[in-house]
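Participant: Here it is, the structure, as structure tokens.
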Protein chains: 2
Amino acid sequence: MSDRKRPAAKAKAPRKPLERKPSDHKPAEHKPAERANQRYRTRKDLIAAAEQLMKNGHKPSLEDIAAAARVSRATAYRYFPNVEALLIEAPLDSAAPDIEALFAKDASIDPEARIDKAEAAMHRMAFDNEAGIRLMLAATLTRAAEGRDATVPLRQNRRGPLIDAALAPARARFRKAAYARLRAALALIFGSESMIVFRDVLRLDEKEARQVKSWAVKALVRAALEESRKGEDSRHG
Amino acid sequence: MSDRKRPAAKAKAPRKPLERKPSDHKPAEHKPAERANQRYRTRKDLIAAAEQLMKNGHKPSLEDIAAAARVSRATAYRYFPNVEALLIEAPLDSAAPDIEALFAKDASIDPEARIDKAEAAMHRMAFDNEAGIRLMLAATLTRAAEGRDATVPLRQNRRGPLIDAALAPARARFRKAAYARLRAALALIFGSESMIVFRDVLRLDEKEARQVKSWAVKALVRAALEESRKGEDSRHG
DNA sequence: CTTTTAGTGAGACGATCGTCTCATGTCAAG
DNA sequence: CTTGACATGAGACGATCGTCTCACTAAAAG
């Protein structure tokens, strides 16, 4: 008598009746500019609550986040289509390095030194917030794997402006294409993803990771500078 | 009248009564060497089914995987503590580049050329299996974020041997420390994580990604070679 | 062939997810 | 102050997750 199935499996034929469409989440009846303050505050409270709960590395349930924000579950879903979307925005707003402050009283214009300094800041941020960043990364990965239309910004890019700021004083010394290439390559090394590689794949500790990255970013800057100086963009002929 | 709560929230005081301990999952009554064949086959079937279902980018439910493997849900949980653990093992076994074949009839010993070739192989693998890799990465990230004891190998390292093989003919030209540093830095660029950065952060397409990585790996190899030649390990001295 | 026992199937269970509806509260314009 | 539009709260609902128990099957041992 396999007549009694577990409830999840009933109506097996039309199998996926609800067929999640991840991106057609209507932000309820939120129109652009009505009661903006009220909405700003609940949104801020939700993110703050999520950020708080993420610190211990456990993925908080939306129920917990909503409770911590003194907001109902339904309201939380009116602001974010799912838990992950909340986790994506949460963990970094307080930890992001301040670009102005970083280079404020630093008169050095040596691009290698400045890039290294910028990398050090990102490095600290990533390793100090490892738990939260892991959750955030996981959230963006699965979000992106499913619905791909992505009118929403999947991911905020913090490293780009930081890299630009670090290289700004020397910008004129790079050829255009070389700069674009360097910028992208540095982004590979700067990001929090590199922390994942060091931890999970290479099994190196924070200090070794920092040394490797410090060497790599400087080597790349040097290489790009040299190629630009020689006046050829790609060196394989 | 907040007497009627949603069922999930009842018994609020002891809140987390079950308190997931991710790693004390007992593999049921599976002792090392009894009915090994039977167990090997069900495990293999589960992984194969997961691999199959992952190809479209949707995270398959364990119910679906078990059904595809012609196995009951309970049995699947006897082999893997959760869906993620299955997804981690699934997506890459068939796609990993074969190191021997890659360098078989390639007499070149130029480390830059060989590294570039290896990177190209990893690049293809990563971009061809984007959906599966995203799921796998997300799974390892959250696994690592929670229970951290990790007697299990969180992640298999495919890039390490590949990098070693590519650099093997030129190995003698590197100083030891420089080689270790180069190896780690290349691992940052080789991995599937870099695909994520290109896609989600930099928004570059596959071709541009390949160009950036090709330039970066060659530049790093060159830099490490040069430093080794000059006989100094770190150049900021 | 029988007995033992390890692997399995079926499904109940509580928890969380994301959706939806209805009622209530609250801001802001008249 | 009233009123209408909008934000919120409360909770039902079906789906999936991971755990657990019980019964059944089939491999291995005698």
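To be explicit about the labels: the chains of the structure tokens are called A, B, and onward in the order shown, and within each one the residues are counted from 1, while ligands get numbers from 1 in the order they are shown.
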Could you list, with a cut-off of 7 Å and counting only C-alpha atoms (C1' of nucleotides), the residues of chain D near chain A, each shown with its nearest atom pair and the distance in Å rounded to one decimal, rows sorted by chain and ascending number, as CSV?
Facilitator:
residue,atom,partner,partner_atom,distance
D:DT8,C1',A:Thr75,CA,6.6
D:DG9,C1',A:Ser72,CA,6.1
D:DA15,C1',A:Ala8,CA,6.3
Participant: Write out as a list in words the residues lying within 10 Å of DG30 (chain D), counting only C-alpha atoms (C1' of nucleotides) and excluding same-chain residues fewer than 6 positions away.
Facilitator: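 Near neighbours after the sequence-gap exclusion: DT2, DT3 and DT4 of chain C.
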Participant: Could the residues of chain C within 9 Å of chain A, counting only C-alpha atoms (C1' of nucleotides), be given as a PDB file with N, CA, C and O atoms (P, O5', C5', C4', C3', O3' and C1' of nucleotides), in the first residue's frame, please?
Facilitator:
ATOM      1  P    DA C  10       9.301   2.482  -0.703  1.00  0.00           P
ATOM      2  O5'  DA C  10       8.493   2.904   0.605  1.00  0.00           O
ATOM      3  C5'  DA C  10       7.869   1.902   1.388  1.00  0.00           C
ATOM      4  C4'  DA C  10       7.218   2.529   2.610  1.00  0.00           C
ATOM      5  C3'  DA C  10       6.583   3.901   2.359  1.00  0.00           C
ATOM      6  O3'  DA C  10       5.249   3.883   2.840  1.00  0.00           O
ATOM      7  C1'  DA C  10       8.050   3.990   4.221  1.00  0.00           C
ATOM      8  P    DG C  11       4.278   5.098   2.462  1.00  0.00           P
ATOM      9  O5'  DG C  11       4.365   6.007   3.776  1.00  0.00           O
ATOM     10  C5'  DG C  11       4.204   5.388   5.027  1.00  0.00           C
ATOM     11  C4'  DG C  11       4.777   6.246   6.113  1.00  0.00           C
ATOM     12  C3'  DG C  11       4.351   7.730   6.074  1.00  0.00           C
ATOM     13  O3'  DG C  11       3.809   8.050   7.315  1.00  0.00           O
ATOM     14  C1'  DG C  11       6.617   7.509   6.553  1.00  0.00           C
ATOM     15  P    DA C  12       2.647   9.154   7.392  1.00  0.00           P
ATOM     16  O5'  DA C  12       2.743   9.574   8.937  1.00  0.00           O
ATOM     17  C5'  DA C  12       2.944   8.566   9.913  1.00  0.00           C
ATOM     18  C4'  DA C  12       3.772   9.111  11.065  1.00  0.00           C
ATOM     19  C3'  DA C  12       3.406  10.536  11.500  1.00  0.00           C
ATOM     20  O3'  DA C  12       3.395  10.609  12.915  1.00  0.00           O
ATOM     21  C1'  DA C  12       5.703  10.436  10.928  1.00  0.00           C
ATOM     22  P    DT C  16      13.206  26.776  13.546  1.00  0.00           P
ATOM     23  O5'  DT C  16      13.241  27.068  11.989  1.00  0.00           O
ATOM     24  C5'  DT C  16      14.349  26.649  11.228  1.00  0.00           C
ATOM     25  C4'  DT C  16      14.016  26.791   9.766  1.00  0.00           C
ATOM     26  C3'  DT C  16      13.589  28.213   9.357  1.00  0.00           C
ATOM     27  O3'  DT C  16      14.566  28.738   8.466  1.00  0.00           O
ATOM     28  C1'  DT C  16      12.187  26.538   8.392  1.00  0.00           C
ATOM     29  P    DC C  17      14.368  30.168   7.755  1.00  0.00           P
ATOM     30  O5'  DC C  17      13.637  29.805   6.388  1.00  0.00           O
ATOM     31  C5'  DC C  17      14.281  28.933   5.476  1.00  0.00           C
ATOM     32  C4'  DC C  17      13.417  28.744   4.249  1.00  0.00           C
ATOM     33  C3'  DC C  17      12.938  30.057   3.628  1.00  0.00           C
ATOM     34  O3'  DC C  17      13.429  30.176   2.309  1.00  0.00           O
ATOM     35  C1'  DC C  17      11.129  28.510   3.931  1.00  0.00           C
ATOM     36  P    DG C  18      13.628  31.611   1.625  1.00  0.00           P
ATOM     37  O5'  DG C  18      12.177  31.865   1.001  1.00  0.00           O
ATOM     38  C5'  DG C  18      11.804  31.092  -0.123  1.00  0.00           C
ATOM     39  C4'  DG C  18      10.332  31.241  -0.400  1.00  0.00           C
ATOM     40  C3'  DG C  18       9.856  32.696  -0.581  1.00  0.00           C
ATOM     41  O3'  DG C  18       9.136  32.762  -1.798  1.00  0.00           O
ATOM     42  C1'  DG C  18       8.456  31.547   0.917  1.00  0.00           C
ATOM     43  P    DC C  27       3.007  57.020  12.602  1.00  0.00           P
ATOM     44  O5'  DC C  27       3.316  57.965  11.357  1.00  0.00           O
ATOM     45  C5'  DC C  27       3.896  57.392  10.198  1.00  0.00           C
ATOM     46  C4'  DC C  27       3.174  57.866   8.948  1.00  0.00           C
ATOM     47  C3'  DC C  27       3.123  59.393   8.788  1.00  0.00           C
ATOM     48  O3'  DC C  27       3.773  59.741   7.578  1.00  0.00           O
ATOM     49  C1'  DC C  27       1.016  58.395   8.350  1.00  0.00           C
TER      50       DC C  27
END
Participant: Specify as a PDB file with C-alpha atoms, in the first residue's frame all residues of chain B found within 6 Å of chain A, counting only C-alpha atoms.
Facilitator:
ATOM      1  CA  GLY B  57      21.607  24.938 -12.234  1.00  0.00           C
ATOM      2  CA  HIS B  58      18.667  24.260  -9.997  1.00  0.00           C
ATOM      3  CA  ALA B 131      25.926  25.966 -12.475  1.00  0.00           C
ATOM      4  CA  ARG B 134      28.212  27.418  -7.922  1.00  0.00           C
ATOM      5  CA  ALA B 138      27.894  27.385  -1.880  1.00  0.00           C
ATOM      6  CA  LEU B 141      30.969  27.646   2.180  1.00  0.00           C
ATOM      7  CA  ALA B 145      30.776  28.335   8.274  1.00  0.00           C
ATOM      8  CA  GLU B 146      28.963  26.067  10.654  1.00  0.00           C
ATOM      9  CA  ASN B 157      42.288  20.556  -4.255  1.00  0.00           C
ATOM     10  CA  ARG B 181      54.490  31.724  -2.794  1.00  0.00           C
ATOM     11  CA  VAL B 201      31.717  41.233  -9.297  1.00  0.00           C
ATOM     12  CA  VAL B 212      43.084  38.619 -17.647  1.00  0.00           C
TER      13      VAL B 212
END
Participant: Would you list the contacts of DA12 (chain D) as a PyMOL selection string, taking every protein, DNA or RNA residue within 10 Å and counting only C-alpha atoms (C1' of nucleotides), but skipping same-chain residues closer than 2 positions in sequence?
Facilitator: (chain B and resi 6) or (chain C and resi 20-21) or (chain D and resi 10+14)
Participant: How would the residues just picked look written out with N, CA and C atoms (P, O5', C5', C4', C3', O3' and C1' of nucleotides) as a PDB file, in the first residue's frame?
Facilitator:
ATOM      1  N   ARG B   6       2.365  30.813  15.307  1.00  0.00           N
ATOM      2  CA  ARG B   6       2.620  29.870  14.224  1.00  0.00           C
ATOM      3  C   ARG B   6       3.395  28.703  14.787  1.00  0.00           C
TER       4      ARG B   6
ATOM      5  P    DC C  20       2.126  34.398  -4.059  1.00  0.00           P
ATOM      6  O5'  DC C  20       0.858  34.518  -3.097  1.00  0.00           O
ATOM      7  C5'  DC C  20       0.139  33.346  -2.754  1.00  0.00           C
ATOM      8  C4'  DC C  20      -0.810  33.625  -1.591  1.00  0.00           C
ATOM      9  C3'  DC C  20      -1.544  34.965  -1.674  1.00  0.00           C
ATOM     10  O3'  DC C  20      -2.909  34.713  -2.005  1.00  0.00           O
ATOM     11  C1'  DC C  20      -0.730  34.499   0.543  1.00  0.00           C
ATOM     12  P    DT C  21      -3.876  35.998  -2.211  1.00  0.00           P
ATOM     13  O5'  DT C  21      -4.610  36.096  -0.778  1.00  0.00           O
ATOM     14  C5'  DT C  21      -4.963  34.901  -0.106  1.00  0.00           C
ATOM     15  C4'  DT C  21      -5.610  35.232   1.227  1.00  0.00           C
ATOM     16  C3'  DT C  21      -6.464  36.504   1.220  1.00  0.00           C
ATOM     17  O3'  DT C  21      -7.636  36.284   1.983  1.00  0.00           O
ATOM     18  C1'  DT C  21      -4.786  36.697   2.870  1.00  0.00           C
TER      19       DT C  21
ATOM     20  P    DA D  10       1.931  40.569  15.946  1.00  0.00           P
ATOM     21  O5'  DA D  10       0.951  39.471  15.341  1.00  0.00           O
ATOM     22  C5'  DA D  10      -0.444  39.754  15.268  1.00  0.00           C
ATOM     23  C4'  DA D  10      -1.160  38.615  14.572  1.00  0.00           C
ATOM     24  C3'  DA D  10      -0.591  37.225  14.863  1.00  0.00           C
ATOM     25  O3'  DA D  10      -1.637  36.392  15.311  1.00  0.00           O
ATOM     26  C1'  DA D  10      -0.812  37.564  12.530  1.00  0.00           C
ATOM     27  P    DG D  14      -2.554  23.178   2.239  1.00  0.00           P
ATOM     28  O5'  DG D  14      -1.192  23.044   1.421  1.00  0.00           O
ATOM     29  C5'  DG D  14      -1.072  23.686   0.163  1.00  0.00           C
ATOM     30  C4'  DG D  14       0.386  23.741  -0.234  1.00  0.00           C
ATOM     31  C3'  DG D  14       1.075  22.373  -0.354  1.00  0.00           C
ATOM     32  O3'  DG D  14       1.907  22.387  -1.492  1.00  0.00           O
ATOM     33  C1'  DG D  14       2.261  23.729   1.139  1.00  0.00           C
TER      34       DG D  14
END
Participant: Rounded to one decimal, what separation in Å do you get between CA of Leu53 (chain A) and CA of Glu206 (chain A)?
Facilitator: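 Calculated distance between CA of Leu53 (chain A) and CA of Glu206 (chain A) is 24.2 Å.
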Participant: Report, in Å with one decimal, the straight-line distance from CA of Lys55 (chain A) to CA of Leu87 (chain A).
Facilitator: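 Computing it gives 11.2 Å between the two atoms.
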Participant: Between C1' of DG25 (chain C) and C1' of DG11 (chain D), what distance in Å does the model show, to one decimal?
Facilitator: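 Going from C1' of DG25 (chain C) over to C1' of DG11 (chain D), I get 16.9 Å.
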Participant: If we count only C-alpha atoms (C1' of nucleotides) and set the cut-off at 10 Å, which residues sit around Leu162 (chain B), ignoring sequence neighbours fewer than 5 positions away in its own chain? Please answer as a ChimeraX atom specification.
Facilitator: /B:97-100,102,115,118-119,121-122,157,167-168,187,190
Participant: I want to know what sits within 12 Å of DC24 (chain D), based on only C-alpha atoms (C1' of nucleotides), with residues of the same chain fewer than 6 positions away left out; could you give that as number ranges by chain?
Facilitator: C: 7-10
Participant: Once you have the residues from the selection above, write them out as an mmCIF file, in the first residue's frame, restricted to N, CA and C atoms (P, O5', C5', C4', C3', O3' and C1' of nucleotides).
Facilitator:
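Done, and the output landed in selection_3.cif:
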data_model
loop_
_atom_site.group_PDB
_atom_site.id
_atom_site.type_symbol
_atom_site.label_atom_id
_atom_site.label_comp_id
_atom_site.auth_asym_id
_atom_site.auth_seq_id
_atom_site.Cartn_x
_atom_site.Cartn_y
_atom_site.Cartn_z
ATOM 1 P P DG C 7 25.840 -2.142 6.213
ATOM 2 O "O5'" DG C 7 24.576 -1.973 5.261
ATOM 3 C "C5'" DG C 7 24.565 -2.669 4.026
ATOM 4 C "C4'" DG C 7 23.200 -2.529 3.395
ATOM 5 C "C3'" DG C 7 22.776 -1.080 3.123
ATOM 6 O "O3'" DG C 7 22.394 -0.971 1.759
ATOM 7 C "C1'" DG C 7 21.078 -2.241 4.280
ATOM 8 P P DT C 8 21.924 0.441 1.200
ATOM 9 O "O5'" DT C 8 20.357 0.370 1.346
ATOM 10 C "C5'" DT C 8 19.654 -0.699 0.713
ATOM 11 C "C4'" DT C 8 18.213 -0.702 1.127
ATOM 12 C "C3'" DT C 8 17.443 0.597 0.874
ATOM 13 O "O3'" DT C 8 16.671 0.426 -0.297
ATOM 14 C "C1'" DT C 8 16.845 -0.480 2.941
ATOM 15 P P DG C 9 15.861 1.729 -0.829
ATOM 16 O "O5'" DG C 9 14.458 1.558 -0.097
ATOM 17 C "C5'" DG C 9 13.799 0.308 -0.162
ATOM 18 C "C4'" DG C 9 12.402 0.416 0.407
ATOM 19 C "C3'" DG C 9 11.652 1.696 0.055
ATOM 20 O "O3'" DG C 9 10.282 1.362 -0.154
ATOM 21 C "C1'" DG C 9 11.900 1.559 2.412
ATOM 22 P P DA C 10 9.301 2.482 -0.703
ATOM 23 O "O5'" DA C 10 8.493 2.904 0.605
ATOM 24 C "C5'" DA C 10 7.869 1.902 1.388
ATOM 25 C "C4'" DA C 10 7.218 2.529 2.610
ATOM 26 C "C3'" DA C 10 6.583 3.901 2.359
ATOM 27 O "O3'" DA C 10 5.249 3.883 2.840
ATOM 28 C "C1'" DA C 10 8.050 3.990 4.221
#
Participant: Do a neighbour search on DT2 (chain D) at 12 Å with only C-alpha atoms (C1' of nucleotides), toss out local chain neighbours closer than 6 positions, and write the hits as a list of chain:residue names.
Facilitator: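 The neighbour list is C:DA28, C:DA29, C:DG30.
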Participant: Write a file of the just-selected residues containing C-alpha atoms (C1' of nucleotides), as a compact mmCIF listing (two decimals), in the first residue's frame.
Facilitator:
# COMPACT_ATOMS: atom_id res chain seq x y z
C1' DA C 28 -0.48 62.38 5.80
C1' DA C 29 -3.67 65.09 3.13
C1' DG C 30 -8.10 67.22 3.26
Participant: Can you pull out every residue from region 117-237 of chain A that DSSP, working from the backbone, puts in helix (DSSP H, G or I), and format the result as a PyMOL selection string?
Facilitator: chain A and resi 117-128+130-145+159-173+176-190+192-202+206-230
